[in-house]
Amino acid sequence: RENRSIPSKSVVKTFASSREDRKTVEKAMDQSGMPSGKNDEISRADFQFENFKNLYLALCGRKEIKNVFDLCATNSSSAKSNSANNSSTTDKPQHNNKTNNPNVITTDQFLDFLNNTQRDSRLNEILHPYWTSEKAANLIKKHEPNLELANAGQMSVEGFTWYLLSEDNNIISQDKLEKMEDMDFSLAHYYIKSSHNTYLT
């Protein structure tokens, strides 16, 4: 019984509740390298955790993140980013920052994103210095699940997503989040800051 193949339509029915959902699931199966035809079957030997993970990621893909990732993949490090690093070549990790793979970005491309897209240009450069190539490489190693890519200084869309959702990308600095106020008094003891439109709510 364990050697029996899994009908593709069973996988589709598991995730789809409408005709539109069915098209989405079939497309995700195609992207994951699984047969999606009505009469197709999937070998149990070929349906391992990695295959399920790829199917799950294809089903739950964030199009807006993929769009940003694709923009990074088409950009090369700009002169602005390189000059902002203010670090010598000996300080930079030696990675191959050239790739023809559209599914990964290099350390330089990620660095360009950090400094020229993600960073608020109004920040003081002394208090909030630009990212360096070394720090960008460390972020890749921290968030990229594929060790081979991480060691090569490259990041996949999955690693890019993990970075965007991590504490390293918080809009509020961690030290401010950890700051605790004494909130043991009654409400009348505190000033409440609100806008002039508060009454509308």
# chains A, B, ... in the order shown; residues from 1 in each chain; ligands from 1
>>> residues_around(residues="Lys141 in chain A", least_positions_apart="3", cutoff="10 Å", atoms="only C-alpha atoms", output="count of residues only")
17
>>> select_by_dssp(residues="range 39-185 of chain A", states="helix (DSSP H, G or I)", output="ChimeraX atom specification")
/A:44-46,49-59,63-74,79-85,89-91,107-118,133-143,147-151,157-164,167-169,174-177
>>> write_last_selection(atoms="C-alpha atoms", output="PDB file, in the first residue's frame")
ATOM      1  CA  ARG A  44       5.373   8.214  -3.136  1.00  0.00           C
ATOM      2  CA  ALA A  45       9.141   7.917  -3.430  1.00  0.00           C
ATOM      3  CA  ASP A  46       9.197  11.267  -5.219  1.00  0.00           C
ATOM      4  CA  PHE A  49       9.234  16.678   2.479  1.00  0.00           C
ATOM      5  CA  GLU A  50      11.282  18.845   0.108  1.00  0.00           C
ATOM      6  CA  ASN A  51       8.677  18.337  -2.629  1.00  0.00           C
ATOM      7  CA  PHE A  52       5.853  19.242  -0.258  1.00  0.00           C
ATOM      8  CA  LYS A  53       7.810  22.287   0.930  1.00  0.00           C
ATOM      9  CA  ASN A  54       8.260  23.489  -2.667  1.00  0.00           C
ATOM     10  CA  LEU A  55       4.546  23.001  -3.310  1.00  0.00           C
ATOM     11  CA  TYR A  56       3.660  24.892  -0.131  1.00  0.00           C
ATOM     12  CA  LEU A  57       5.939  27.796  -1.030  1.00  0.00           C
ATOM     13  CA  ALA A  58       4.484  27.929  -4.534  1.00  0.00           C
ATOM     14  CA  LEU A  59       0.944  28.003  -3.090  1.00  0.00           C
ATOM     15  CA  LYS A  63       3.940  38.167  -5.317  1.00  0.00           C
ATOM     16  CA  GLU A  64       4.905  41.561  -3.952  1.00  0.00           C
ATOM     17  CA  ILE A  65       8.062  40.127  -2.373  1.00  0.00           C
ATOM     18  CA  LYS A  66       8.922  38.285  -5.595  1.00  0.00           C
ATOM     19  CA  ASN A  67       8.533  41.545  -7.520  1.00  0.00           C
ATOM     20  CA  VAL A  68      10.971  43.340  -5.204  1.00  0.00           C
ATOM     21  CA  PHE A  69      13.351  40.377  -5.390  1.00  0.00           C
ATOM     22  CA  ASP A  70      13.252  40.424  -9.196  1.00  0.00           C
ATOM     23  CA  LEU A  71      14.100  44.129  -9.167  1.00  0.00           C
ATOM     24  CA  CYS A  72      17.100  43.376  -6.958  1.00  0.00           C
ATOM     25  CA  ALA A  73      18.168  40.606  -9.310  1.00  0.00           C
ATOM     26  CA  THR A  74      18.237  42.989 -12.262  1.00  0.00           C
ATOM     27  CA  ALA A  79      28.482  53.672  -7.181  1.00  0.00           C
ATOM     28  CA  LYS A  80      26.518  55.248  -4.350  1.00  0.00           C
ATOM     29  CA  SER A  81      26.335  51.975  -2.494  1.00  0.00           C
ATOM     30  CA  ASN A  82      29.994  51.207  -3.036  1.00  0.00           C
ATOM     31  CA  SER A  83      31.164  54.627  -1.874  1.00  0.00           C
ATOM     32  CA  ALA A  84      28.862  54.514   1.149  1.00  0.00           C
ATOM     33  CA  ASN A  85      30.423  51.292   2.387  1.00  0.00           C
ATOM     34  CA  THR A  89      38.494  45.513  -0.295  1.00  0.00           C
ATOM     35  CA  THR A  90      40.330  43.582   2.397  1.00  0.00           C
ATOM     36  CA  ASP A  91      37.347  44.050   4.731  1.00  0.00           C
ATOM     37  CA  THR A 107      25.858  40.081  -1.968  1.00  0.00           C
ATOM     38  CA  ASP A 108      26.385  43.263  -3.999  1.00  0.00           C
ATOM     39  CA  GLN A 109      22.779  43.271  -5.219  1.00  0.00           C
ATOM     40  CA  PHE A 110      21.487  42.697  -1.698  1.00  0.00           C
ATOM     41  CA  LEU A 111      23.773  45.455  -0.426  1.00  0.00           C
ATOM     42  CA  ASP A 112      22.399  47.801  -3.068  1.00  0.00           C
ATOM     43  CA  PHE A 113      18.872  46.973  -1.868  1.00  0.00           C
ATOM     44  CA  LEU A 114      19.776  47.599   1.779  1.00  0.00           C
ATOM     45  CA  ASN A 115      21.429  50.960   1.153  1.00  0.00           C
ATOM     46  CA  ASN A 116      19.503  52.446  -1.762  1.00  0.00           C
ATOM     47  CA  THR A 117      16.017  50.934  -1.476  1.00  0.00           C
ATOM     48  CA  GLN A 118      15.380  49.874   2.100  1.00  0.00           C
ATOM     49  CA  SER A 133      29.449  44.240   2.197  1.00  0.00           C
ATOM     50  CA  GLU A 134      30.521  42.219   5.236  1.00  0.00           C
ATOM     51  CA  LYS A 135      27.263  42.896   7.109  1.00  0.00           C
ATOM     52  CA  ALA A 136      25.209  42.119   4.013  1.00  0.00           C
ATOM     53  CA  ALA A 137      27.041  38.792   3.656  1.00  0.00           C
ATOM     54  CA  ASN A 138      26.350  38.015   7.321  1.00  0.00           C
ATOM     55  CA  LEU A 139      22.639  38.685   6.821  1.00  0.00           C
ATOM     56  CA  ILE A 140      22.633  36.307   3.871  1.00  0.00           C
ATOM     57  CA  LYS A 141      24.309  33.590   5.934  1.00  0.00           C
ATOM     58  CA  LYS A 142      21.801  34.174   8.733  1.00  0.00           C
ATOM     59  CA  HIS A 143      18.615  34.024   6.660  1.00  0.00           C
ATOM     60  CA  LEU A 147      23.893  26.610   2.777  1.00  0.00           C
ATOM     61  CA  GLU A 148      25.495  26.292  -0.636  1.00  0.00           C
ATOM     62  CA  LEU A 149      24.013  29.615  -1.723  1.00  0.00           C
ATOM     63  CA  ALA A 150      24.793  31.265   1.614  1.00  0.00           C
ATOM     64  CA  ASN A 151      28.449  30.241   1.471  1.00  0.00           C
ATOM     65  CA  VAL A 157      13.724  34.494  -2.740  1.00  0.00           C
ATOM     66  CA  GLU A 158      13.029  32.264   0.270  1.00  0.00           C
ATOM     67  CA  GLY A 159      16.001  33.686   2.178  1.00  0.00           C
ATOM     68  CA  PHE A 160      15.004  37.190   1.079  1.00  0.00           C
ATOM     69  CA  THR A 161      11.517  36.605   2.495  1.00  0.00           C
ATOM     70  CA  TRP A 162      12.924  35.341   5.797  1.00  0.00           C
ATOM     71  CA  TYR A 163      15.043  38.490   6.047  1.00  0.00           C
ATOM     72  CA  LEU A 164      12.085  40.811   5.395  1.00  0.00           C
ATOM     73  CA  GLU A 167      13.912  41.273  13.517  1.00  0.00           C
ATOM     74  CA  ASP A 168      16.763  42.538  11.335  1.00  0.00           C
ATOM     75  CA  ASN A 169      14.145  44.354   9.263  1.00  0.00           C
ATOM     76  CA  GLN A 174      14.848  46.499  19.009  1.00  0.00           C
ATOM     77  CA  ASP A 175      16.064  48.602  21.967  1.00  0.00           C
ATOM     78  CA  LYS A 176      12.914  50.737  21.776  1.00  0.00           C
ATOM     79  CA  LEU A 177      10.705  47.669  21.662  1.00  0.00           C
TER      80      LEU A 177
END
>>> atom_distance(atom1="CA of Val104 in chain A", atom2="CA of Ser32 in chain A")
17.1 Å
>>> atom_distance(atom1="CA of Ile42 in chain A", atom2="CA of Gly61 in chain A")
22.4 Å
